[in-house]
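The file entry-v4.pdb comes next; it holds PDB, N, CA and C atoms.
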MODEL        1
ATOM      1  N   MET A   1       6.207   1.107   0.028
ATOM      2  CA  MET A   1       7.536   1.186   0.570
ATOM      3  C   MET A   1       8.276   2.382  -0.028
ATOM      4  N   ALA A   2       8.152   2.583  -1.323
ATOM      5  CA  ALA A   2       8.844   3.684  -1.984
ATOM      6  C   ALA A   2       8.328   5.025  -1.481
ATOM      7  N   ARG A   3       7.040   5.131  -1.315
ATOM      8  CA  ARG A   3       6.434   6.394  -0.843
ATOM      9  C   ARG A   3       6.972   6.746   0.528
ATOM     10  N   VAL A   4       7.014   5.781   1.422
ATOM     11  CA  VAL A   4       7.474   6.011   2.784
ATOM     12  C   VAL A   4       8.965   6.340   2.804
ATOM     13  N   ALA A   5       9.744   5.659   1.966
ATOM     14  CA  ALA A   5      11.184   5.920   1.903
ATOM     15  C   ALA A   5      11.465   7.371   1.521
ATOM     16  N   LEU A   6      10.594   7.943   0.719
ATOM     17  CA  LEU A   6      10.746   9.345   0.314
ATOM     18  C   LEU A   6      10.161  10.315   1.333
ATOM     19  N   GLY A   7       9.457   9.778   2.311
ATOM     20  CA  GLY A   7       8.816  10.639   3.296
ATOM     21  C   GLY A   7       7.573  11.323   2.765
ATOM     22  N   LEU A   8       6.936  10.702   1.786
ATOM     23  CA  LEU A   8       5.733  11.267   1.166
ATOM     24  C   LEU A   8       4.483  10.690   1.808
ATOM     25  N   GLY A   9       3.489  11.517   1.970
ATOM     26  CA  GLY A   9       2.179  11.050   2.383
ATOM     27  C   GLY A   9       1.386  10.626   1.161
ATOM     28  N   VAL A  10       0.250  10.013   1.395
ATOM     29  CA  VAL A  10      -0.618   9.579   0.296
ATOM     30  C   VAL A  10      -1.006  10.782  -0.559
ATOM     31  N   ARG A  11      -1.375  11.871   0.073
ATOM     32  CA  ARG A  11      -1.771  13.080  -0.653
ATOM     33  C   ARG A  11      -0.620  13.611  -1.504
ATOM     34  N   ASP A  12       0.602  13.597  -0.947
ATOM     35  CA  ASP A  12       1.772  14.087  -1.685
ATOM     36  C   ASP A  12       2.000  13.289  -2.964
ATOM     37  N   LEU A  13       1.995  11.968  -2.836
ATOM     38  CA  LEU A  13       2.234  11.126  -4.008
ATOM     39  C   LEU A  13       1.097  11.264  -5.011
ATOM     40  N   ALA A  14      -0.127  11.348  -4.526
ATOM     41  CA  ALA A  14      -1.268  11.526  -5.436
ATOM     42  C   ALA A  14      -1.097  12.802  -6.248
ATOM     43  N   ASN A  15      -0.666  13.871  -5.598
ATOM     44  CA  ASN A  15      -0.448  15.134  -6.316
ATOM     45  C   ASN A  15       0.671  15.010  -7.337
ATOM     46  N   LEU A  16       1.778  14.361  -6.962
ATOM     47  CA  LEU A  16       2.903  14.197  -7.887
ATOM     48  C   LEU A  16       2.521  13.363  -9.104
ATOM     49  N   ALA A  17       1.688  12.346  -8.890
ATOM     50  CA  ALA A  17       1.297  11.438  -9.977
ATOM     51  C   ALA A  17       0.038  11.891 -10.700
ATOM     52  N   ASN A  18      -0.591  12.958 -10.174
ATOM     53  CA  ASN A  18      -1.825  13.483 -10.765
ATOM     54  C   ASN A  18      -2.937  12.425 -10.776
ATOM     55  N   VAL A  19      -3.070  11.751  -9.625
ATOM     56  CA  VAL A  19      -4.142  10.770  -9.442
ATOM     57  C   VAL A  19      -4.844  11.080  -8.119
ATOM     58  N   ALA A  20      -5.953  10.439  -7.878
ATOM     59  CA  ALA A  20      -6.699  10.637  -6.633
ATOM     60  C   ALA A  20      -5.991   9.935  -5.475
ATOM     61  N   GLN A  21      -6.182  10.462  -4.279
ATOM     62  CA  GLN A  21      -5.621   9.832  -3.081
ATOM     63  C   GLN A  21      -6.124   8.398  -2.938
ATOM     64  N   ALA A  22      -7.377   8.193  -3.264
ATOM     65  CA  ALA A  22      -7.956   6.850  -3.179
ATOM     66  C   ALA A  22      -7.223   5.872  -4.098
ATOM     67  N   THR A  23      -6.703   6.370  -5.213
ATOM     68  CA  THR A  23      -5.971   5.512  -6.147
ATOM     69  C   THR A  23      -4.678   5.022  -5.509
ATOM     70  N   ILE A  24      -3.983   5.887  -4.799
ATOM     71  CA  ILE A  24      -2.755   5.481  -4.104
ATOM     72  C   ILE A  24      -3.099   4.437  -3.047
ATOM     73  N   SER A  25      -4.164   4.662  -2.315
ATOM     74  CA  SER A  25      -4.591   3.696  -1.286
ATOM     75  C   SER A  25      -4.937   2.352  -1.907
ATOM     76  N   ARG A  26      -5.618   2.387  -3.047
ATOM     77  CA  ARG A  26      -5.966   1.134  -3.732
ATOM     78  C   ARG A  26      -4.709   0.386  -4.166
ATOM     79  N   LEU A  27      -3.739   1.110  -4.692
ATOM     80  CA  LEU A  27      -2.478   0.492  -5.109
ATOM     81  C   LEU A  27      -1.788  -0.153  -3.915
ATOM     82  N   GLU A  28      -1.735   0.552  -2.803
ATOM     83  CA  GLU A  28      -1.054   0.043  -1.615
ATOM     84  C   GLU A  28      -1.774  -1.147  -0.992
ATOM     85  N   ARG A  29      -3.062  -1.277  -1.251
ATOM     86  CA  ARG A  29      -3.818  -2.447  -0.783
ATOM     87  C   ARG A  29      -3.668  -3.633  -1.734
ATOM     88  N   GLY A  30      -3.025  -3.403  -2.865
ATOM     89  CA  GLY A  30      -2.809  -4.483  -3.817
ATOM     90  C   GLY A  30      -3.920  -4.657  -4.828
ATOM     91  N   GLU A  31      -4.816  -3.673  -4.915
ATOM     92  CA  GLU A  31      -5.905  -3.763  -5.885
ATOM     93  C   GLU A  31      -5.373  -3.497  -7.288
ATOM     94  N   ASP A  32      -6.079  -4.017  -8.282
ATOM     95  CA  ASP A  32      -5.694  -3.813  -9.672
ATOM     96  C   ASP A  32      -6.007  -2.392 -10.108
ATOM     97  N   LEU A  33      -5.063  -1.810 -10.841
ATOM     98  CA  LEU A  33      -5.240  -0.477 -11.421
ATOM     99  C   LEU A  33      -4.891  -0.555 -12.901
ATOM    100  N   LYS A  34      -5.326   0.441 -13.650
ATOM    101  CA  LYS A  34      -4.965   0.506 -15.072
ATOM    102  C   LYS A  34      -3.448   0.641 -15.187
ATOM    103  N   GLU A  35      -2.895   0.047 -16.241
ATOM    104  CA  GLU A  35      -1.452   0.111 -16.465
ATOM    105  C   GLU A  35      -0.965   1.555 -16.575
ATOM    106  N   THR A  36      -1.761   2.405 -17.192
ATOM    107  CA  THR A  36      -1.348   3.805 -17.343
ATOM    108  C   THR A  36      -1.288   4.520 -15.996
ATOM    109  N   THR A  37      -2.166   4.139 -15.088
ATOM    110  CA  THR A  37      -2.172   4.733 -13.752
ATOM    111  C   THR A  37      -0.944   4.289 -12.971
ATOM    112  N   VAL A  38      -0.639   2.999 -13.035
ATOM    113  CA  VAL A  38       0.548   2.473 -12.356
ATOM    114  C   VAL A  38       1.801   3.131 -12.935
ATOM    115  N   ALA A  39       1.838   3.310 -14.249
ATOM    116  CA  ALA A  39       2.990   3.944 -14.893
ATOM    117  C   ALA A  39       3.154   5.387 -14.420
ATOM    118  N   ALA A  40       2.053   6.105 -14.240
ATOM    119  CA  ALA A  40       2.117   7.493 -13.777
ATOM    120  C   ALA A  40       2.656   7.561 -12.347
ATOM    121  N   ILE A  41       2.233   6.636 -11.518
ATOM    122  CA  ILE A  41       2.713   6.596 -10.128
ATOM    123  C   ILE A  41       4.192   6.221 -10.094
ATOM    124  N   GLN A  42       4.566   5.243 -10.884
ATOM    125  CA  GLN A  42       5.969   4.835 -10.944
ATOM    126  C   GLN A  42       6.838   5.987 -11.434
ATOM    127  N   ALA A  43       6.391   6.698 -12.460
ATOM    128  CA  ALA A  43       7.159   7.824 -12.992
ATOM    129  C   ALA A  43       7.332   8.922 -11.943
ATOM    130  N   ALA A  44       6.288   9.174 -11.162
ATOM    131  CA  ALA A  44       6.370  10.188 -10.111
ATOM    132  C   ALA A  44       7.372   9.766  -9.036
ATOM    133  N   LEU A  45       7.369   8.498  -8.677
ATOM    134  CA  LEU A  45       8.316   8.006  -7.685
ATOM    135  C   LEU A  45       9.748   8.061  -8.211
ATOM    136  N   GLU A  46       9.928   7.683  -9.458
ATOM    137  CA  GLU A  46      11.269   7.722 -10.057
ATOM    138  C   GLU A  46      11.782   9.156 -10.157
ATOM    139  N   ALA A  47      10.911  10.075 -10.519
ATOM    140  CA  ALA A  47      11.311  11.481 -10.604
ATOM    141  C   ALA A  47      11.683  12.043  -9.230
ATOM    142  N   SER A  48      11.163  11.418  -8.187
ATOM    143  CA  SER A  48      11.439  11.859  -6.811
ATOM    144  C   SER A  48      12.658  11.169  -6.208
ATOM    145  N   GLY A  49      13.274  10.236  -6.957
ATOM    146  CA  GLY A  49      14.506   9.616  -6.482
ATOM    147  C   GLY A  49      14.463   8.148  -6.170
ATOM    148  N   VAL A  50      13.395   7.465  -6.545
ATOM    149  CA  VAL A  50      13.290   6.028  -6.290
ATOM    150  C   VAL A  50      13.784   5.264  -7.516
ATOM    151  N   GLU A  51      14.497   4.186  -7.258
ATOM    152  CA  GLU A  51      14.936   3.293  -8.326
ATOM    153  C   GLU A  51      14.281   1.937  -8.092
ATOM    154  N   PHE A  52      13.586   1.427  -9.087
ATOM    155  CA  PHE A  52      12.933   0.128  -8.978
ATOM    156  C   PHE A  52      13.934  -0.957  -9.377
ATOM    157  N   ILE A  53      13.990  -2.010  -8.588
ATOM    158  CA  ILE A  53      14.932  -3.101  -8.803
ATOM    159  C   ILE A  53      14.152  -4.310  -9.301
ATOM    160  N   ALA A  54      14.603  -4.842 -10.413
ATOM    161  CA  ALA A  54      13.934  -6.015 -10.991
ATOM    162  C   ALA A  54      14.113  -7.228 -10.090
ATOM    163  N   GLU A  55      13.194  -8.165 -10.214
ATOM    164  CA  GLU A  55      13.279  -9.401  -9.436
ATOM    165  C   GLU A  55      14.526 -10.163  -9.866
ATOM    166  N   ASN A  56      15.315 -10.558  -8.884
ATOM    167  CA  ASN A  56      16.562 -11.263  -9.185
ATOM    168  C   ASN A  56      16.686 -12.528  -8.342
ATOM    169  N   GLY A  57      15.575 -13.158  -8.125
ATOM    170  CA  GLY A  57      15.567 -14.356  -7.296
ATOM    171  C   GLY A  57      15.162 -14.063  -5.862
ATOM    172  N   GLY A  58      15.338 -12.814  -5.437
ATOM    173  CA  GLY A  58      14.973 -12.427  -4.085
ATOM    174  C   GLY A  58      13.731 -11.568  -4.051
ATOM    175  N   GLY A  59      13.136 -11.357  -5.196
ATOM    176  CA  GLY A  59      11.937 -10.535  -5.276
ATOM    177  C   GLY A  59      12.274  -9.119  -5.734
ATOM    178  N   ALA A  60      11.298  -8.493  -6.321
ATOM    179  CA  ALA A  60      11.459  -7.122  -6.790
ATOM    180  C   ALA A  60      11.569  -6.184  -5.588
ATOM    181  N   GLY A  61      12.137  -5.001  -5.799
ATOM    182  CA  GLY A  61      12.278  -4.066  -4.692
ATOM    183  C   GLY A  61      12.481  -2.642  -5.177
ATOM    184  N   VAL A  62      12.764  -1.774  -4.223
ATOM    185  CA  VAL A  62      13.055  -0.366  -4.518
ATOM    186  C   VAL A  62      14.215   0.082  -3.650
ATOM    187  N   ARG A  63      14.882   1.130  -4.109
ATOM    188  CA  ARG A  63      15.923   1.790  -3.306
ATOM    189  C   ARG A  63      15.968   3.246  -3.730
ATOM    190  N   LEU A  64      16.547   4.063  -2.882
ATOM    191  CA  LEU A  64      16.695   5.469  -3.209
ATOM    192  C   LEU A  64      17.952   5.634  -4.058
ATOM    193  N   ARG A  65      17.838   6.453  -5.095
ATOM    194  CA  ARG A  65      18.971   6.731  -5.956
ATOM    195  C   ARG A  65      19.992   7.545  -5.173
ATOM    196  N   LYS A  66      21.273   7.294  -5.438
ATOM    197  CA  LYS A  66      22.335   8.042  -4.774
ATOM    198  C   LYS A  66      22.509   9.401  -5.416
TER     199      LYS A  66
ENDMDL
END
Kindly transcribe the structure held in the file into structure tokens.
Amino acid sequence: MARVALGLGVRDLANLANVAQATISRLERGEDLKETTVAAIQAALEASGVEFIAENGGGAGVRLRK
């Protein structure tokens, strides 16, 4: 959801996070990844303007930073 909100393709996010395109696809399919890999992807999304919202009874989410 965050990738699409930014208008990024799989290749774009993979380049920003310095991971393989297949890794982004695996994450989006819900497969398990190393914590360091998930952290790198999250950091790339945050640097691009995404804010992660903690679960508050309605589930975790994302939004674009103003």
Show me, as a PDB file with N, CA and C atoms, in the coordinates of the input, the residues that have an atom within 10 Å of region 54-63 of chain A when counting only C-alpha atoms, minus same-chain residues fewer than 4 positions from it.
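Contents of result_33.pdb, freshly written:
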ATOM      1  N   MET A   1       6.207   1.107   0.028  1.00  0.00           N
ATOM      2  CA  MET A   1       7.536   1.186   0.570  1.00  0.00           C
ATOM      3  C   MET A   1       8.276   2.382  -0.028  1.00  0.00           C
ATOM      4  N   ALA A   2       8.152   2.583  -1.323  1.00  0.00           N
ATOM      5  CA  ALA A   2       8.844   3.684  -1.984  1.00  0.00           C
ATOM      6  C   ALA A   2       8.328   5.025  -1.481  1.00  0.00           C
ATOM      7  N   ALA A   5       9.744   5.659   1.966  1.00  0.00           N
ATOM      8  CA  ALA A   5      11.184   5.920   1.903  1.00  0.00           C
ATOM      9  C   ALA A   5      11.465   7.371   1.521  1.00  0.00           C
ATOM     10  N   LEU A   6      10.594   7.943   0.719  1.00  0.00           N
ATOM     11  CA  LEU A   6      10.746   9.345   0.314  1.00  0.00           C
ATOM     12  C   LEU A   6      10.161  10.315   1.333  1.00  0.00           C
ATOM     13  N   GLU A  46       9.928   7.683  -9.458  1.00  0.00           N
ATOM     14  CA  GLU A  46      11.269   7.722 -10.057  1.00  0.00           C
ATOM     15  C   GLU A  46      11.782   9.156 -10.157  1.00  0.00           C
ATOM     16  N   GLY A  49      13.274  10.236  -6.957  1.00  0.00           N
ATOM     17  CA  GLY A  49      14.506   9.616  -6.482  1.00  0.00           C
ATOM     18  C   GLY A  49      14.463   8.148  -6.170  1.00  0.00           C
ATOM     19  N   VAL A  50      13.395   7.465  -6.545  1.00  0.00           N
ATOM     20  CA  VAL A  50      13.290   6.028  -6.290  1.00  0.00           C
ATOM     21  C   VAL A  50      13.784   5.264  -7.516  1.00  0.00           C
TER      22      VAL A  50
END
Checklist line | Result set of the PyMOL selection byres ((chain A and resi 15-29) around 7) on the coordinates above, as a PyMOL selection string | finding: chain A and resi 10-14+30-33+40-41+43-45
With 5 Å of padding per side, what axis-aligned box (centre and edge lengths, Å, one decimal) covers all the listed atoms of region 40-53 of chain A? Give it as AutoDock Vina command-line options.
--center_x 8.5 --center_y 3.9 --center_z -10.2 --size_x 22.9 --size_y 26.4 --size_z 18.1
Check: By how many Å are atom C of Lys34 (chain A) and atom N of Leu8 (chain A) apart?
Finding: 22.3 Å
Item checked: Atomic distance atom C of Leu64 (chain A) - atom N of Glu35 (chain A), expressed in Å with one decimal -> 24.8 Å
Next item on the list: Name the residues of chain A that come out as alpha helix (DSSP H) in a backbone DSSP run; write them as number ranges by chain.
Entry: A: 2-5, 10-17, 21-28, 35-47
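Taking atom N of Glu51 (chain A) as the reference point, atom N of Arg65 (chain A) is found at 4.6 Å.
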